[in-house]
Structure formats: C-alpha cells, structure tokens
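Each remark here refers to the structure printed beneath this line.
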Amino acid sequence: MKCPACGHAMTEMNVQDIKVDVCRGGCGGIWFDNLELKKVDEPHEALGEDLMHVERDPSVTVTANEKRTCPRCEGMPMMQHFASVRREVTVDECPNCGGYFLDYGELNQIRDQYETEEQRSKAAESLFADLFDDSIAAAAQQSEAKLERAKRLARMFRFLLPSHYIPGKQKWGAF
C-alpha cells in the first residue's frame with residue numbers, strides 16, 4: 001500500500017489488537033482502517049502510545065491541503081474535515097471504507113485535545129448550543145405563533161358552524 005501523502009510504501013504495524021499502516025521512513029503518516037482511530041484517540045488509551053513517534057524522513061515534505069486518494073479504495077478521493085469541535089486538526093477520511101489518514105503529529109494533537117470521550121461530547125454540545133440554540137428557540141416561537149393562529153381560526157369556524165364540530169353529528173366522519 002502506498003502512502004496517500006508522499007507515495008512511499010507503507011508498512012503494517014501491529015499495535016496490540018489492531019493493525020495500522022505507517023509511512024515509516026517517509027512522511028510519518030498513519031492509516032487507520034474503519035473504527036481503529038477510536039481505539040487510540042484519547043490519552044488514557046495505551047494503544048496510542050506506540051504510534052506517537054513514527055520514524056520519518058525530515059527531508060520529505062507534504063502539502064497539507066492537497067487532495068489525496070484512499071490507499072485502500074483505488075481512485076477514491078478522501079475528504080478533509082476537522083477531527084474535533086476545536087477545529088485544530090484536519091484529517092483525511094475515505095467516504096467509501098471509512099478509513100482515516102493522519103499526517104505526522106496529528107495523532108498527538110488529537111490525543112492532547114480531550115482526556116475522555118465525555119469531555120469531547122460536552123465540548124460538542126456546548127458548541128452546538130452556542131451556534132443553534134437561538135435559532136431553534138426562534139423557530140419554536142414561530143411555530144407556537146402559527147399554532148395559536150390556527151387554533152383561533154378553528155374556534156371562529158366552530159362559532160360560525162357549531163353543528164359541524166359536534167362529535168358524531170357530521171356526515172363525513174367524527175373526530
């Protein structure tokens with residue numbers, strides 16, 4: 001398998017119960033198959049310690065914003081997105097197989113952001129609350145106002161045509 005960042009041959013590395021591919025001697029990037037990154041992305045997870053310092057060639061330069069293709073899925077372009085709500089680390093993910101490619105040092109940055117998944121979730125909830133709570137509250141108020149108008153209109157029709165709104169008196173059905 002070739003490294004999506006520098007083209008160097010990647011070597012398989014066993015880290016306890018997972019196998020990752022590392023660009024040892026090249027750019028130092030790491031390929032995680034689907035769901036493997038979750039096993040090493042927090043500081044308390046011992047599996048990640050072995051991957052913190054991959055051998056790399058300092059003369060190999062990598063362009064961070066360059067489009068990359070998945071090393072597992074031939075010709076499949078990977079998507080770049082932030083690894084957390086802090087928006088400090090950008091990772092490459094394959095939309096087909098769900099694998100992740102991390103450049104040298106990105107795993108360290110991800111592990112330094114949050115101690116646990118609970119802290120990560122709280123940070124995400126806080127960010128989403130800051131971004132969306134006001135607009136959700138405004139939409140709820142608009143919906144309540146529309147509901148009130150509809151109820152007023154229905155009461156007017158009940159007043160004007162009361163026999164049609166007495167349960168069981170309509171020919172077209174009862175409610």
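Residues in the structure tokens are numbered from 1 in each chain, the chains being A, B, ... in the order shown, and ligands are numbered from 1 in the order shown.
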
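When DSSP reads the backbone of this structure, the residues of range 20-116 of chain A it assigns to helix (DSSP H, G or I) are Leu37, Lys38, Lys39, Ala46, Leu47, Gly48, Glu49, Asp50, Leu51, Glu106, Leu107, Asn108, Gln109, Ile110, Arg111, Asp112 and Gln113 of chain A.
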
Which residues of range 71-160 of chain A sit at most 10 Å from range 48-65 of chain A, using only C-alpha atoms? Give each one's shortest atom pair and distance in Å (one decimal place), in chain and ascending residue order, as CSV.
residue,atom,partner,partner_atom,distance
A:Gln80,CA,A:Asn65,CA,8.4
A:Thr90,CA,A:Ala64,CA,8.8
A:Val91,CA,A:Ala64,CA,9.5
A:Asp92,CA,A:Asn65,CA,9.9
A:Asp103,CA,A:Ala64,CA,8.2
A:Tyr104,CA,A:Val54,CA,7.7
A:Gly105,CA,A:Met52,CA,7.5
A:Glu106,CA,A:Met52,CA,9.2
A:Leu107,CA,A:Met52,CA,6.9
A:Asn108,CA,A:Met52,CA,6.2
A:Gln109,CA,A:Met52,CA,10.0
A:Arg111,CA,A:Gly48,CA,8.5

Selection file, C-alpha atoms, as a PDB file, in the first residue's frame:
ATOM      1  CA  GLN A  80     -10.753  16.552   4.639  1.00  0.00           C
ATOM      2  CA  THR A  90      -7.672  18.368   9.867  1.00  0.00           C
ATOM      3  CA  VAL A  91      -7.737  14.676   8.930  1.00  0.00           C
ATOM      4  CA  ASP A  92      -8.405  12.806   5.682  1.00  0.00           C
ATOM      5  CA  ASP A 103      -0.199  13.210   8.885  1.00  0.00           C
ATOM      6  CA  TYR A 104       2.811  13.069  11.175  1.00  0.00           C
ATOM      7  CA  GLY A 105       1.968  14.617  14.570  1.00  0.00           C
ATOM      8  CA  GLU A 106      -1.804  14.790  14.070  1.00  0.00           C
ATOM      9  CA  LEU A 107      -2.458  11.827  16.371  1.00  0.00           C
ATOM     10  CA  ASN A 108      -0.547  13.641  19.129  1.00  0.00           C
ATOM     11  CA  GLN A 109      -2.653  16.760  18.583  1.00  0.00           C
ATOM     12  CA  ARG A 111      -4.885  12.992  21.874  1.00  0.00           C
TER      13      ARG A 111
END

May I ask for the distance between CA of Phe82 in chain A and CA of Cys70 in chain A, given in Å to one decimal place?
->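 Between CA of Phe82 in chain A and CA of Cys70 in chain A the gap is 17.5 Å.
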
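You will find CA of Glu42 in chain A at 16.5 Å from CA of Arg87 in chain A.
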
Residue contacts of Asn34 in chain A (10 Å, only C-alpha atoms) excluding same-chain residues fewer than 5 positions away, as a list in words =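 Counting only the stated atoms, we get Glu93, Cys94, Asn96, Cys97, Gly98, Gly99 and Tyr100 of chain A.
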
Output file for the selection above: C-alpha atoms, as a compact mmCIF listing (two decimals), in the first residue's frame:
# COMPACT_ATOMS: atom_id res chain seq x y z
CA GLU A 93 -11.27 10.29 5.62
CA CYS A 94 -12.31 7.89 2.88
CA ASN A 96 -16.12 4.58 0.91
CA CYS A 97 -14.29 2.45 3.52
CA GLY A 98 -14.31 4.87 6.48
CA GLY A 99 -10.54 4.79 6.94
CA TYR A 100 -8.54 7.77 8.23

Among the residues A:Cys73, A:Met1, A:Ala145, A:Ala123, the one that comes closest to Val20 in chain A [using only C-alpha atoms] | A:Met1

Please, what distance in Å, to one decimal, runs between CA of Val40 in chain A and CA of Pro71 in chain A?
-> 20.5 Å

Determine, counting only C-alpha atoms, which protein, DNA and RNA residues have an atom within 12 Å of an atom of Lys19 in chain A; residues of the same chain fewer than 4 positions away are not included. Present the result as a ChimeraX atom specification.
-> /A:11-15,30-37,39-40,47-48,50-51

Run DSSP on the backbone and tell me which residues of range 2-98 of chain A come out as strand (DSSP E or B); list them as a PDB file with C-alpha atoms, in the first residue's frame.
ATOM      1  CA  LYS A   2       1.312   3.446  -0.927  1.00  0.00           C
ATOM      2  CA  ALA A   9       5.470   2.308   0.693  1.00  0.00           C
ATOM      3  CA  THR A  11       4.401  -0.887   6.405  1.00  0.00           C
ATOM      4  CA  GLU A  12       1.917  -2.734   8.560  1.00  0.00           C
ATOM      5  CA  MET A  13       2.412  -2.286  12.297  1.00  0.00           C
ATOM      6  CA  ASN A  14       0.719  -4.387  14.974  1.00  0.00           C
ATOM      7  CA  VAL A  15      -0.363  -2.359  17.983  1.00  0.00           C
ATOM      8  CA  ILE A  18      -5.168  -3.504  15.824  1.00  0.00           C
ATOM      9  CA  LYS A  19      -3.079  -3.348  12.649  1.00  0.00           C
ATOM     10  CA  VAL A  20      -2.274   0.080  11.253  1.00  0.00           C
ATOM     11  CA  ASP A  21      -0.212   1.076   8.249  1.00  0.00           C
ATOM     12  CA  VAL A  22       2.542   3.608   8.848  1.00  0.00           C
ATOM     13  CA  ILE A  30      -0.591   6.707   9.733  1.00  0.00           C
ATOM     14  CA  TRP A  31      -3.515   4.905   8.054  1.00  0.00           C
ATOM     15  CA  PHE A  32      -6.341   3.670  10.299  1.00  0.00           C
ATOM     16  CA  THR A  69      -6.800   9.360  -2.717  1.00  0.00           C
ATOM     17  CA  PRO A  77     -10.706  10.815  -3.220  1.00  0.00           C
ATOM     18  CA  MET A  79     -12.499  14.153   2.300  1.00  0.00           C
ATOM     19  CA  GLN A  80     -10.753  16.552   4.639  1.00  0.00           C
ATOM     20  CA  HIS A  81     -12.522  17.558   7.827  1.00  0.00           C
ATOM     21  CA  PHE A  82     -11.798  18.643  11.370  1.00  0.00           C
ATOM     22  CA  THR A  90      -7.672  18.368   9.867  1.00  0.00           C
ATOM     23  CA  VAL A  91      -7.737  14.676   8.930  1.00  0.00           C
ATOM     24  CA  ASP A  92      -8.405  12.806   5.682  1.00  0.00           C
ATOM     25  CA  GLU A  93     -11.269  10.286   5.621  1.00  0.00           C
TER      26      GLU A  93
END
